[in-house]
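J.: Next comes the structure file final30.cif, holding mmCIF, C-alpha atoms.
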```cif
data_final
#
loop_
_atom_site.label_atom_id
_atom_site.label_comp_id
_atom_site.auth_asym_id
_atom_site.auth_seq_id
_atom_site.Cartn_x
_atom_site.Cartn_y
_atom_site.Cartn_z
CA ASN G 1464 118.36 -19.18 140.32
CA HIS G 1465 121.64 -17.41 141.05
CA GLN G 1466 122.59 -20.08 143.60
CA GLN G 1467 121.79 -22.79 141.05
CA GLN G 1468 124.15 -21.18 138.51
CA ILE G 1469 126.93 -21.01 141.10
CA ASN G 1470 126.40 -24.68 142.03
CA LEU G 1471 126.47 -25.67 138.37
CA LEU G 1472 129.69 -23.72 137.82
CA ILE G 1473 131.34 -25.33 140.84
CA ALA G 1474 130.20 -28.78 139.69
CA THR G 1475 131.62 -28.15 136.22
CA ILE G 1476 134.96 -27.03 137.65
CA ILE G 1477 135.18 -30.06 139.95
CA LYS G 1478 134.29 -32.48 137.15
CA THR G 1479 136.87 -30.87 134.86
CA ILE G 1480 139.63 -31.14 137.46
CA ILE G 1481 138.75 -34.76 138.18
CA GLY G 1482 138.65 -35.47 134.45
CA LEU G 1483 142.13 -34.03 133.99
CA THR G 1484 143.49 -36.58 136.42
CA GLY G 1485 142.88 -39.15 133.69
CA VAL G 1486 145.62 -37.45 131.71
CA VAL G 1487 147.97 -37.73 134.68
CA PHE G 1488 147.07 -41.42 134.98
CA MET G 1489 147.97 -42.04 131.34
CA ILE G 1490 151.28 -40.21 131.71
CA MET G 1491 152.14 -42.34 134.76
CA ILE G 1492 151.24 -45.57 132.95
CA VAL G 1493 153.29 -44.62 129.88
CA ALA G 1494 156.26 -43.60 132.04
CA ALA G 1495 156.07 -46.86 134.00
CA GLY G 1496 155.78 -48.86 130.79
CA TYR G 1497 158.80 -47.08 129.33
CA LEU G 1498 160.77 -47.73 132.51
CA TRP G 1499 159.82 -51.41 132.44
CA MET G 1500 160.62 -51.82 128.74
CA THR G 1501 164.02 -50.17 129.13
CA ALA G 1502 164.88 -51.98 132.37
CA GLY G 1503 166.93 -54.59 130.54
CA GLY G 1504 166.29 -57.21 133.19
CA ASN G 1505 167.22 -54.90 136.07
CA GLU G 1506 164.91 -56.10 138.85
CA GLU G 1507 165.14 -52.79 140.70
CA LYS G 1508 163.76 -50.85 137.71
CA ILE G 1509 161.10 -53.49 137.05
CA THR G 1510 159.97 -53.31 140.68
CA LYS G 1511 159.85 -49.50 140.46
CA ALA G 1512 157.78 -49.73 137.25
CA ARG G 1513 155.36 -52.22 138.85
CA THR G 1514 155.00 -49.94 141.86
CA MET G 1515 154.29 -46.97 139.60
CA ILE G 1516 151.60 -48.93 137.75
CA PHE G 1517 150.02 -50.12 141.02
CA ASN G 1518 150.05 -46.60 142.46
CA ALA G 1519 148.55 -45.17 139.28
CA ALA G 1520 145.79 -47.79 139.31
CA VAL G 1521 144.95 -47.13 142.97
CA GLY G 1522 145.01 -43.40 142.31
CA ILE G 1523 142.66 -43.60 139.34
CA LEU G 1524 140.27 -45.77 141.38
CA ILE G 1525 140.25 -43.16 144.14
CA VAL G 1526 139.66 -40.37 141.62
CA PHE G 1527 136.91 -42.39 139.93
CA GLY G 1528 135.25 -42.89 143.31
CA ALA G 1529 135.54 -39.18 144.02
CA TYR G 1530 133.99 -38.41 140.65
CA ILE G 1531 131.04 -40.69 141.34
CA ALA G 1532 130.56 -39.20 144.83
CA THR G 1533 130.81 -35.64 143.49
CA ASP G 1534 128.35 -36.34 140.70
CA PHE G 1535 125.88 -37.87 143.14
CA ILE G 1536 126.18 -35.04 145.67
CA VAL G 1537 125.87 -32.34 143.00
CA ASN G 1538 122.80 -33.99 141.47
CA VAL G 1539 121.13 -34.36 144.87
CA THR G 1540 121.96 -30.75 145.75
CA ILE G 1541 120.61 -29.41 142.46
CA GLU G 1542 117.39 -31.41 142.88
CA ALA G 1543 117.06 -30.20 146.47
CA ILE G 1544 117.21 -26.53 145.45
CA GLY G 1545 114.69 -27.10 142.68
CA GLY G 1546 117.00 -27.42 139.68
#
```
How does this structure look as structure tokens?
T.:
Amino acid sequence: NHQQQINLLIATIIKTIIGLTGVVFMIMIVAAGYLWMTAGGNEEKITKARTMIFNAAVGILIVFGAYIATDFIVNVTIEAIGG
């Protein structure tokens, strides 16, 4: 029972941290959008903004995959210990 509570606490902390990365993703997208909109035709700034958007998208996909893996592992672990 005590081990189950510890596992649940750890799972909650991990899910919260992974969830907060969504906020970072939105900040990156807004910053890239602002950079693109204020580029004024400057190809260097537009390329930087596109790169930021691509990197943010890849990052959120990695985090989403980590969230799915974490959720699966935690659920299997909790079931295995009789949760």
J.: Using only C-alpha atoms, pick whichever of G:Ile1473, G:Ile1544, G:Ile1481, G:Ala1494 has the shortest atom-to-atom distance to G:Leu1524.
T.: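 Of G:Ile1473, G:Ile1544, G:Ile1481, G:Ala1494, the one nearest G:Leu1524, counting only C-alpha atoms, is G:Ile1481.
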J.: Starting from the shown file, work through the PyMOL selection byres ((chain G and resi 1530) around 10) and note down what comes out as a list in words.
T.: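 Matching residues under the PyMOL selection byres ((chain G and resi 1530) around 10) are Ile1477, Lys1478, Thr1479, Ile1480, Ile1481, Gly1482, Leu1524, Ile1525, Val1526, Phe1527, Gly1528, Ala1529, Ile1531, Ala1532, Thr1533, Asp1534, Phe1535 and Ile1536 of chain G.
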J.: Need the shell around stretch 1507-1522 of chain G: protein/DNA/RNA residues with any atom at most 7 Å away, counting all atoms listed in the file. Skip same-chain ones fewer than 5 positions apart. Format as a list in words?
T.: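 Returned residues: Phe1488, Met1491, Ile1492, Ala1495, Gly1496, Leu1498, Trp1499 and Ala1502 of chain G.
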J.: Residues picked by the PyMOL selection byres ((chain G and resi 1540) around 12) here, as a ChimeraX atom specification?
T.: /G:1466-1467,1469-1471,1473-1474,1533-1539,1541-1546
J.: Could you save those same residues with C-alpha atoms as a PDB file, in the frame of the given file?
T.:
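Contents of result28.pdb, freshly written:
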```pdb
ATOM      1  CA  GLN G1466     122.590 -20.080 143.600  1.00  0.00           C
ATOM      2  CA  GLN G1467     121.790 -22.790 141.050  1.00  0.00           C
ATOM      3  CA  ILE G1469     126.930 -21.010 141.100  1.00  0.00           C
ATOM      4  CA  ASN G1470     126.400 -24.680 142.030  1.00  0.00           C
ATOM      5  CA  LEU G1471     126.470 -25.670 138.370  1.00  0.00           C
ATOM      6  CA  ILE G1473     131.340 -25.330 140.840  1.00  0.00           C
ATOM      7  CA  ALA G1474     130.200 -28.780 139.690  1.00  0.00           C
ATOM      8  CA  THR G1533     130.810 -35.640 143.490  1.00  0.00           C
ATOM      9  CA  ASP G1534     128.350 -36.340 140.700  1.00  0.00           C
ATOM     10  CA  PHE G1535     125.880 -37.870 143.140  1.00  0.00           C
ATOM     11  CA  ILE G1536     126.180 -35.040 145.670  1.00  0.00           C
ATOM     12  CA  VAL G1537     125.870 -32.340 143.000  1.00  0.00           C
ATOM     13  CA  ASN G1538     122.800 -33.990 141.470  1.00  0.00           C
ATOM     14  CA  VAL G1539     121.130 -34.360 144.870  1.00  0.00           C
ATOM     15  CA  ILE G1541     120.610 -29.410 142.460  1.00  0.00           C
ATOM     16  CA  GLU G1542     117.390 -31.410 142.880  1.00  0.00           C
ATOM     17  CA  ALA G1543     117.060 -30.200 146.470  1.00  0.00           C
ATOM     18  CA  ILE G1544     117.210 -26.530 145.450  1.00  0.00           C
ATOM     19  CA  GLY G1545     114.690 -27.100 142.680  1.00  0.00           C
ATOM     20  CA  GLY G1546     117.000 -27.420 139.680  1.00  0.00           C
TER      21      GLY G1546
END
```
J.: Let me have the centre and edge lengths in Å, one decimal, of the box along x, y and z around every listed atom of stretch 1516-1535 of chain G with 6 Å of margin on each side, as AutoDock Vina command-line options.
T.:
```
--center_x 138.7 --center_y -42.9 --center_z 141.3 --size_x 37.7 --size_y 26.5 --size_z 19.1
```
